[in-house]
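K.L.:
Pasting protein35.cif here (mmCIF, C-alpha atoms):
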```
data_model
loop_
_atom_site.label_atom_id
_atom_site.label_comp_id
_atom_site.auth_asym_id
_atom_site.auth_seq_id
_atom_site.Cartn_x
_atom_site.Cartn_y
_atom_site.Cartn_z
CA MET A 22 18.12 19.12 -27.94
CA GLU A 23 16.84 16.69 -25.31
CA GLN A 24 13.40 16.65 -26.92
CA GLU A 25 15.03 15.65 -30.18
CA LEU A 26 16.94 12.85 -28.50
CA ILE A 27 13.77 11.60 -26.83
CA ILE A 28 11.85 11.59 -30.12
CA LYS A 29 14.70 9.71 -31.80
CA ALA A 30 14.96 7.25 -28.92
CA LYS A 31 11.22 6.66 -29.13
CA SER A 32 11.61 5.69 -32.76
CA GLY A 33 14.21 3.09 -31.79
CA ASN A 34 17.44 5.04 -32.22
CA GLN A 35 19.93 3.42 -29.82
CA LYS A 36 22.49 6.23 -30.14
CA ALA A 37 19.92 8.77 -28.94
CA PHE A 38 19.00 6.61 -25.96
CA GLU A 39 22.68 6.14 -25.21
CA LYS A 40 23.18 9.91 -25.09
CA LEU A 41 20.24 10.30 -22.72
CA THR A 42 21.62 7.55 -20.53
CA LYS A 43 25.09 9.10 -20.45
CA LYS A 44 23.58 12.36 -19.31
CA TYR A 45 21.52 10.96 -16.48
CA LEU A 46 23.31 7.80 -15.36
CA PRO A 47 25.60 9.44 -12.76
CA LYS A 48 22.66 11.28 -11.21
CA ILE A 49 20.48 8.18 -11.14
CA TYR A 50 23.32 6.17 -9.65
CA ARG A 51 23.78 8.67 -6.80
CA ALA A 52 20.07 8.78 -6.10
CA ALA A 53 19.85 4.97 -6.18
CA TYR A 54 22.78 4.68 -3.80
CA PHE A 55 20.89 6.60 -1.14
CA PHE A 56 17.89 4.33 -1.56
CA VAL A 57 19.68 0.98 -1.39
CA HIS A 58 22.85 1.97 0.51
CA ASN A 59 25.36 -0.17 -1.32
CA LEU A 60 27.26 -0.09 -4.57
CA GLU A 61 26.16 -3.42 -6.02
CA ASP A 62 22.46 -2.87 -5.50
CA ALA A 63 22.68 0.73 -6.71
CA SER A 64 24.40 -0.50 -9.90
CA ASP A 65 21.70 -3.14 -10.39
CA MET A 66 18.98 -0.56 -9.84
CA CYS A 67 20.52 1.62 -12.55
CA GLN A 68 20.61 -1.28 -15.00
CA GLU A 69 16.99 -2.16 -14.28
CA THR A 70 15.89 1.47 -14.46
CA PHE A 71 17.42 2.18 -17.84
CA LEU A 72 16.40 -1.20 -19.22
CA ARG A 73 12.79 -0.48 -18.30
CA ALA A 74 13.07 3.04 -19.63
CA TYR A 75 14.44 1.67 -22.91
CA LYS A 76 11.70 -0.94 -23.22
CA HIS A 77 8.91 1.49 -22.41
CA ILE A 78 10.17 4.74 -23.88
CA HIS A 79 7.41 4.63 -26.49
CA ARG A 80 4.98 5.26 -23.62
CA PHE A 81 6.86 8.31 -22.37
CA ASP A 82 5.13 11.64 -22.86
CA GLU A 83 7.88 13.99 -24.08
CA ARG A 84 6.13 17.01 -22.58
CA ARG A 85 7.21 15.66 -19.20
CA SER A 86 10.72 15.78 -17.83
CA PHE A 87 12.71 12.71 -18.87
CA TYR A 88 14.75 12.83 -15.71
CA THR A 89 11.67 12.92 -13.50
CA TRP A 90 10.34 9.90 -15.37
CA ILE A 91 13.45 7.76 -14.96
CA TYR A 92 13.85 8.97 -11.39
CA THR A 93 10.35 7.69 -10.63
CA ILE A 94 11.17 4.32 -12.21
CA MET A 95 14.37 4.08 -10.16
CA LYS A 96 12.65 5.12 -6.96
CA ASN A 97 9.90 2.54 -7.26
CA LEU A 98 12.31 -0.22 -8.23
CA SER A 99 14.55 0.67 -5.28
CA ILE A 100 11.70 0.77 -2.78
CA ASN A 101 10.49 -2.57 -4.07
CA HIS A 102 13.98 -3.99 -3.90
CA SER A 103 14.62 -2.75 -0.35
CA LYS A 104 11.36 -4.21 0.81
CA ARG A 105 12.20 -7.56 -0.71
CA SER A 106 15.81 -7.93 0.24
CA LYS A 107 15.84 -6.16 3.64
CA LYS A 108 19.52 -5.90 2.94
CA HIS A 109 19.99 -2.47 4.39
CA GLN A 110 23.63 -2.03 5.21
CA ALA A 111 23.76 1.34 6.95
CA GLY A 112 27.14 2.91 7.10
CA GLU A 113 28.75 0.68 4.49
CA ALA A 114 32.49 1.18 4.45
CA VAL A 115 33.49 3.92 2.10
CA GLU A 116 37.17 3.03 1.96
CA ASN A 117 37.24 2.56 -1.79
CA CYS A 118 35.72 5.89 -2.64
CA LEU A 119 38.35 8.27 -1.38
CA PRO A 120 41.10 9.25 -3.75
CA ASP A 121 44.37 7.44 -3.17
CA THR A 122 46.29 10.59 -3.80
CA LEU A 123 45.59 12.17 -0.44
CA TYR A 124 49.09 12.74 0.74
CA ASN A 125 48.70 13.20 4.47
CA PRO A 126 47.50 10.11 6.37
CA GLU A 127 46.06 12.27 9.14
CA VAL A 128 44.11 14.41 6.69
CA GLN A 129 43.00 11.25 4.92
CA ALA A 130 41.74 9.73 8.15
CA MET A 131 39.92 12.92 9.07
CA ASP A 132 38.32 13.19 5.64
CA ARG A 133 37.22 9.60 5.83
CA GLU A 134 35.76 10.10 9.26
CA ASN A 135 33.89 13.21 8.15
CA ASN A 136 32.66 11.46 5.06
CA ASP A 137 31.49 8.46 7.05
CA LEU A 138 29.76 10.65 9.59
CA LEU A 139 27.87 12.57 6.95
CA LEU A 140 26.92 9.39 5.14
CA ARG A 141 25.61 7.90 8.36
CA GLY A 142 23.70 11.10 9.07
CA ILE A 143 22.03 11.02 5.65
CA GLU A 144 21.25 7.31 5.90
CA ASN A 145 19.65 7.81 9.30
CA LEU A 146 17.29 10.49 8.08
CA PRO A 147 13.67 9.45 7.63
CA PRO A 148 13.25 8.39 3.96
CA MET A 149 11.02 11.33 3.09
CA PHE A 150 13.69 13.83 4.16
CA ARG A 151 16.63 11.84 2.84
CA GLU A 152 15.05 11.65 -0.58
CA ILE A 153 14.42 15.37 -0.94
CA LEU A 154 17.90 16.24 0.28
CA VAL A 155 19.51 13.84 -2.20
CA MET A 156 17.36 15.18 -5.02
CA LYS A 157 18.51 18.70 -4.35
CA THR A 158 22.12 18.22 -3.32
CA TYR A 159 23.27 15.32 -5.47
CA ASN A 160 20.84 15.45 -8.37
CA ASP A 161 20.67 19.25 -8.70
CA MET A 162 16.95 19.11 -9.27
CA SER A 163 15.02 22.37 -9.20
CA TYR A 164 12.17 22.90 -6.75
CA GLN A 165 9.75 22.54 -9.65
CA GLU A 166 11.27 19.23 -10.77
CA MET A 167 11.16 17.93 -7.22
CA ALA A 168 7.55 19.03 -6.85
CA ASP A 169 6.69 17.17 -10.08
CA ALA A 170 8.59 14.03 -9.14
CA LEU A 171 7.12 13.87 -5.65
CA ASP A 172 3.73 15.16 -6.66
CA ILE A 173 3.67 17.82 -3.96
CA PRO A 174 3.38 21.63 -4.08
CA ILE A 175 6.54 23.77 -4.21
CA GLY A 176 5.76 25.16 -0.74
CA THR A 177 5.93 21.64 0.66
CA VAL A 178 9.21 21.04 -1.16
CA MET A 179 10.66 24.15 0.52
CA SER A 180 9.52 23.30 4.01
CA ARG A 181 10.47 19.62 3.69
CA LEU A 182 13.91 20.56 2.47
CA TYR A 183 14.39 22.96 5.35
CA THR A 184 13.29 20.34 7.87
CA ALA A 185 15.57 17.77 6.21
CA ARG A 186 18.58 20.04 6.57
CA THR A 187 17.73 20.91 10.16
CA LYS A 188 17.31 17.24 11.03
CA LEU A 189 20.58 16.36 9.33
CA LYS A 190 22.43 19.07 11.27
CA GLU A 191 21.02 17.64 14.50
CA LEU A 192 21.86 14.07 13.51
CA ILE A 193 25.44 14.96 12.63
CA ALA A 194 25.81 16.88 15.88
CA SER A 195 24.56 13.89 17.86
CA LEU A 196 26.80 11.48 15.91
CA GLU A 197 29.78 13.78 16.46
CA GLY A 198 28.94 13.97 20.12
CA GLY A 199 28.73 10.23 20.40
CA LYS A 200 31.89 9.31 18.54
CA MET B 21 9.21 39.44 8.08
CA THR B 22 9.10 36.85 10.87
CA CYS B 23 11.81 34.25 11.51
CA ASP B 24 9.45 31.50 10.37
CA GLU B 25 8.89 33.25 7.05
CA ALA B 26 12.59 34.01 6.71
CA LYS B 27 13.83 30.46 7.30
CA LEU B 28 12.25 29.06 4.13
CA ASN B 29 13.64 31.97 2.13
CA ILE B 30 17.06 31.43 3.65
CA ASN B 31 16.85 27.79 2.63
CA ALA B 32 15.82 28.83 -0.89
CA MET B 33 18.70 31.31 -0.96
CA ILE B 34 21.15 28.45 -0.36
CA ASP B 35 19.65 26.68 -3.39
CA ASN B 36 19.54 29.83 -5.55
CA GLU B 37 15.80 29.41 -5.79
CA ILE B 38 14.64 32.42 -3.82
CA PRO B 39 12.11 34.60 -5.67
CA GLU B 40 13.66 37.94 -6.66
CA GLU B 41 11.15 39.96 -4.66
CA ALA B 42 11.99 38.03 -1.49
CA VAL B 43 15.75 38.63 -1.60
CA GLN B 44 15.84 42.13 -0.14
CA PRO B 45 13.34 41.53 2.72
CA THR B 46 15.20 38.33 3.66
CA LEU B 47 18.58 40.06 3.67
CA SER B 48 17.15 42.92 5.77
CA HIS B 49 15.73 40.39 8.21
CA MET B 50 19.06 38.59 8.48
CA GLU B 51 20.86 41.86 9.19
CA SER B 52 18.70 42.43 12.21
CA CYS B 53 18.31 38.80 13.38
CA TYR B 54 21.31 36.99 14.79
CA ARG B 55 19.60 33.58 14.86
CA CYS B 56 18.59 33.66 11.22
CA ARG B 57 22.05 34.88 10.23
CA GLN B 58 23.52 31.98 12.16
CA ASP B 59 21.03 29.63 10.56
CA TYR B 60 22.14 30.80 7.11
CA ILE B 61 25.81 30.25 7.93
CA GLU B 62 25.13 26.77 9.30
CA LEU B 63 23.04 25.81 6.27
CA LEU B 64 25.76 27.04 3.94
CA ARG B 65 28.35 25.06 5.87
CA LEU B 66 26.19 21.93 5.72
CA GLN B 67 25.62 22.40 2.00
CA LYS B 68 29.37 22.69 1.39
CA ARG B 69 30.01 19.61 3.48
CA MET B 70 27.35 17.64 1.65
CA LYS B 71 28.72 18.65 -1.75
CA GLY B 72 32.05 17.19 -0.72
CA LEU B 73 30.57 13.82 0.23
CA LYS B 74 32.04 10.86 -1.58
CA ILE B 75 30.03 7.73 -2.12
CA PRO B 76 31.38 4.43 -3.46
CA GLU B 77 31.42 4.65 -7.25
CA PRO B 78 31.27 1.74 -9.68
CA PRO B 79 34.41 1.20 -11.78
CA LYS B 80 34.90 3.08 -15.06
CA GLU B 81 34.24 -0.09 -17.08
CA TRP B 82 30.79 -0.28 -15.60
CA TYR B 83 29.93 3.11 -17.08
CA GLU B 84 31.57 2.19 -20.37
CA ASN B 85 29.73 -1.12 -20.75
CA PHE B 86 26.45 0.16 -19.40
CA HIS B 87 24.71 0.80 -22.73
CA ARG B 88 25.93 -2.43 -24.25
CA ASN B 89 24.45 -4.38 -21.34
CA ILE B 90 21.15 -2.55 -21.64
CA PHE B 91 20.83 -3.16 -25.37
CA ARG B 92 21.98 -6.76 -25.01
CA ARG B 93 19.43 -7.46 -22.29
CA ALA B 94 16.71 -5.63 -24.19
CA SER B 95 17.27 -7.75 -27.29
CA GLY B 96 17.31 -10.94 -25.24
CA TRP B 97 13.59 -11.38 -25.89
CA ILE B 98 14.25 -12.31 -29.54
CA GLY B 99 16.39 -15.22 -28.43
CA ARG B 100 13.82 -16.26 -25.83
CA LEU B 101 11.02 -16.05 -28.39
CA PHE B 102 12.82 -18.32 -30.86
CA PHE B 103 13.98 -20.75 -28.20
CA ILE B 104 10.66 -21.11 -26.37
CA GLY B 105 8.61 -20.95 -29.57
CA SER B 106 10.61 -23.71 -31.25
CA TYR B 107 10.55 -25.78 -28.07
CA ILE B 108 6.76 -25.56 -27.87
CA LEU B 109 6.43 -26.46 -31.55
CA LEU B 110 8.74 -29.44 -31.13
CA LEU B 111 6.86 -30.70 -28.07
CA SER B 112 3.51 -30.25 -29.80
CA PHE B 113 4.75 -32.22 -32.78
CA ALA B 114 6.11 -34.99 -30.53
CA PHE B 115 2.83 -35.23 -28.61
CA PHE B 116 0.83 -35.21 -31.80
CA ARG B 117 2.90 -38.07 -33.18
CA PHE B 118 2.69 -39.93 -29.89
CA PHE B 119 -1.10 -39.74 -29.59
CA THR B 120 -1.86 -40.37 -33.24
CA SER B 121 0.50 -43.31 -33.59
CA ASP B 122 -0.84 -46.88 -33.10
CA GLU B 123 2.27 -48.16 -31.35
CA PRO B 124 1.94 -47.11 -27.68
CA SER B 125 -0.89 -48.71 -25.75
CA VAL B 126 -3.99 -46.71 -24.78
CA PHE B 127 -2.96 -47.11 -21.12
CA LEU B 128 0.40 -45.40 -21.75
CA LYS B 129 -1.32 -42.68 -23.74
CA LEU B 130 -3.69 -42.08 -20.82
CA ILE B 131 -0.80 -41.78 -18.35
CA ILE B 132 1.16 -39.38 -20.55
CA GLY B 133 -2.06 -37.48 -21.23
CA GLY B 134 -2.64 -37.21 -17.46
CA ILE B 135 0.85 -35.82 -16.90
CA ILE B 136 0.37 -33.22 -19.63
CA PHE B 137 -3.04 -32.28 -18.29
CA GLY B 138 -1.69 -31.89 -14.75
CA PHE B 139 1.18 -29.75 -16.01
CA LEU B 140 -1.17 -27.50 -17.94
CA VAL B 141 -3.45 -27.10 -14.90
CA LEU B 142 -0.46 -26.13 -12.72
CA LEU B 143 0.75 -23.70 -15.37
CA GLY B 144 -2.71 -22.14 -15.58
CA VAL B 145 -2.93 -21.77 -11.78
CA THR B 146 0.50 -20.11 -11.67
CA PHE B 147 -0.46 -17.65 -14.39
CA ALA B 148 -3.73 -16.89 -12.63
CA ASP B 149 -1.83 -16.20 -9.38
CA ARG B 150 0.63 -13.93 -11.16
CA PHE B 151 -2.25 -12.09 -12.79
CA GLN B 152 -3.94 -11.54 -9.42
CA GLU B 153 -0.65 -10.29 -7.93
CA SER B 154 -0.04 -7.88 -10.77
CA LYS B 155 -3.53 -6.45 -10.35
CA SER B 156 -2.71 -5.40 -6.79
CA ASP B 157 0.88 -4.31 -7.56
CA LYS B 158 1.08 -0.64 -6.62
CA TYR B 159 4.21 -0.08 -8.72
CA LYS B 160 2.82 -1.36 -11.98
CA GLY B 161 1.97 2.15 -13.18
CA VAL B 162 5.55 3.24 -12.92
CA MET B 163 6.32 2.93 -16.60
CA LYS B 164 3.33 4.96 -17.75
#
```
How does this structure look as structure tokens?
P.N.:
Amino acid sequence: MEQELIIKAKSGNQKAFEKLTKKYLPKIYRAAYFFVHNLEDASDMCQETFLRAYKHIHRFDERRSFYTWIYTIMKNLSINHSKRSKKHQAGEAVENCLPDTLYNPEVQAMDRENNDLLLRGIENLPPMFREILVMKTYNDMSYQEMADALDIPIGTVMSRLYTARTKLKELIASLEGGK
Amino acid sequence: MTCDEAKLNINAMIDNEIPEEAVQPTLSHMESCYRCRQDYIELLRLQKRMKGLKIPEPPKEWYENFHRNIFRRASGWIGRLFFIGSYILLLSFAFFRFFTSDEPSVFLKLIIGGIIFGFLVLLGVTFADRFQESKSDKYKGVMK
């Protein structure tokens, strides 16, 4: 199914590219958010990523994973962007992302605090660990896909992921201790 | 199985990526090792917490207009091509008429010629710089 869409998109079919975009946009957005740490830049990164993918799809080798390909485009654009702008805003307020329907103000405040703490923990991880954790948890990538995207063996994916989780646990514990 | 061997399997178990043959030995190890059992519980708890994380999301309209923006921006080159192409043609025609006409003095033609020459040199230098930069750009292979 996806192969078909890719072949059609390569021949200039906009509908096919639109379907591919719809499938991967939320994932790419989440991954971009953890690279650039704010909504506006993450949205821009998505636009740039899919624009480049659209312009260069004829170069894409359909034997490879489409998601890995666009992920790589997004990652490189985001790294480049972060280097240029130095606009890192760690711990950006997440007020607008919680549902308004939370009935209990105390529960709402606690949820927000937990959310903020976790977000700060993830943002404070070294990039190498943050990236692999985001790939697994928020992009649902398999070990094989991660190995392909990062160009590392599966064994390294496993150990890096374990270290990332351990480090995050420690970071959250220290943030909770310091609040 | 040692704790060091078990920890990676425990991690893989959380992700449903543990090889089938490693499931039983890992479970047996966890039964007899309190620390690894604890590790598993903590990792599960962390995973659940992470899955519940909410990040700021763009508005619905952004998702809805996303493709239109992409296609609009992608087709922008046609407009640029026509605009810049026609502009260059118009300028070339104007310069041709200016230099071939008898009306302006040679002195004025020399000055205008100098300005055009200087502009072209600057343009060439800028392109050469860009070319050098792109040669050392480590992200240029990203689209391949």
K.L.:
What are the residues of chain A lining chain B at 7 Å or less? Count all atoms listed in the file, and put the answer as an mmCIF file with C-alpha atoms, in the frame of the given file.
P.N.:
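Final output, selection_8.cif:
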```cif
data_model
loop_
_atom_site.group_PDB
_atom_site.id
_atom_site.type_symbol
_atom_site.label_atom_id
_atom_site.label_comp_id
_atom_site.auth_asym_id
_atom_site.auth_seq_id
_atom_site.Cartn_x
_atom_site.Cartn_y
_atom_site.Cartn_z
ATOM 1 C CA GLU A 39 22.680 6.140 -25.210
ATOM 2 C CA LEU A 60 27.260 -0.090 -4.570
ATOM 3 C CA GLN A 68 20.610 -1.280 -15.000
ATOM 4 C CA LEU A 72 16.400 -1.200 -19.220
ATOM 5 C CA LYS A 76 11.700 -0.940 -23.220
ATOM 6 C CA HIS A 77 8.910 1.490 -22.410
ATOM 7 C CA ARG A 80 4.980 5.260 -23.620
ATOM 8 C CA PHE A 81 6.860 8.310 -22.370
ATOM 9 C CA THR A 93 10.350 7.690 -10.630
ATOM 10 C CA ILE A 94 11.170 4.320 -12.210
ATOM 11 C CA ASN A 97 9.900 2.540 -7.260
ATOM 12 C CA VAL A 115 33.490 3.920 2.100
ATOM 13 C CA ASN A 117 37.240 2.560 -1.790
ATOM 14 C CA CYS A 118 35.720 5.890 -2.640
ATOM 15 C CA LEU A 119 38.350 8.270 -1.380
ATOM 16 C CA ASN A 136 32.660 11.460 5.060
ATOM 17 C CA THR A 158 22.120 18.220 -3.320
ATOM 18 C CA MET A 179 10.660 24.150 0.520
ATOM 19 C CA SER A 180 9.520 23.300 4.010
ATOM 20 C CA TYR A 183 14.390 22.960 5.350
#
```
K.L.:
Evaluate the PyMOL selection byres ((chain B and resi 56) around 12) here and jot the selected residues down as a ChimeraX atom specification.
P.N.:
/B:21-31,46-55,57-63
K.L.:
In Å, how far is it from CA of Tyr75 (chain A) to CA of Phe103 (chain B)?
P.N.:
23.0 Å
K.L.:
Rounded to one decimal in Å, what is the spacing between CA of Pro147 (chain A) and CA of Phe56 (chain A)?
P.N.:
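CA of Pro147 (chain A) sits 11.3 Å away from CA of Phe56 (chain A).
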K.L.:
Using all atoms listed in the file, which protein or nucleic acid residues come within 10 Å of region 148-157 of chain A? Drop anything in the same chain fewer than 4 positions from it, and give the result as a PyMOL selection string.
P.N.:
(chain A and resi 48-49+51-56+92+96+142-144+161-164+166-168+170-171+178-179+181-186+188-189) or (chain B and resi 35+70)
K.L.:
In Å to one decimal, how far is CA of Ala148 (chain B) from CA of Arg100 (chain B)?
P.N.:
22.0 Å
K.L.:
Pick out the closest residue to Tyr50 (chain A) from this set: A:Ala30, A:Ala63, A:Ala37, A:Leu146. Count all atoms listed in the file.
P.N.:
A:Ala63
K.L.:
Could you get me a file of region 140-163 of chain A with C-alpha atoms, as a PDB file, in the first residue's frame, taken from the block above?
P.N.:
```
ATOM      1  CA  LEU A 140       9.166  17.482  29.605  1.00  0.00           C
ATOM      2  CA  ARG A 141      12.027  19.156  31.425  1.00  0.00           C
ATOM      3  CA  GLY A 142      13.572  15.764  32.126  1.00  0.00           C
ATOM      4  CA  ILE A 143      13.439  14.799  28.449  1.00  0.00           C
ATOM      5  CA  GLU A 144      14.761  18.172  27.312  1.00  0.00           C
ATOM      6  CA  ASN A 145      17.676  17.917  29.717  1.00  0.00           C
ATOM      7  CA  LEU A 146      18.782  14.546  28.419  1.00  0.00           C
ATOM      8  CA  PRO A 147      21.886  14.549  26.227  1.00  0.00           C
ATOM      9  CA  PRO A 148      20.684  14.786  22.583  1.00  0.00           C
ATOM     10  CA  MET A 149      21.809  11.272  21.710  1.00  0.00           C
ATOM     11  CA  PHE A 150      19.621   9.758  24.448  1.00  0.00           C
ATOM     12  CA  ARG A 151      16.719  12.148  23.981  1.00  0.00           C
ATOM     13  CA  GLU A 152      16.532  11.306  20.312  1.00  0.00           C
ATOM     14  CA  ILE A 153      16.384   7.550  20.764  1.00  0.00           C
ATOM     15  CA  LEU A 154      13.798   7.820  23.512  1.00  0.00           C
ATOM     16  CA  VAL A 155      11.574  10.054  21.385  1.00  0.00           C
ATOM     17  CA  MET A 156      11.936   7.728  18.410  1.00  0.00           C
ATOM     18  CA  LYS A 157      10.752   4.787  20.453  1.00  0.00           C
ATOM     19  CA  THR A 158       8.153   6.342  22.722  1.00  0.00           C
ATOM     20  CA  TYR A 159       6.549   8.996  20.547  1.00  0.00           C
ATOM     21  CA  ASN A 160       7.296   7.733  17.054  1.00  0.00           C
ATOM     22  CA  ASP A 161       6.752   4.016  17.745  1.00  0.00           C
ATOM     23  CA  MET A 162       9.755   3.115  15.655  1.00  0.00           C
ATOM     24  CA  SER A 163      11.007  -0.456  15.804  1.00  0.00           C
TER      25      SER A 163
END
```
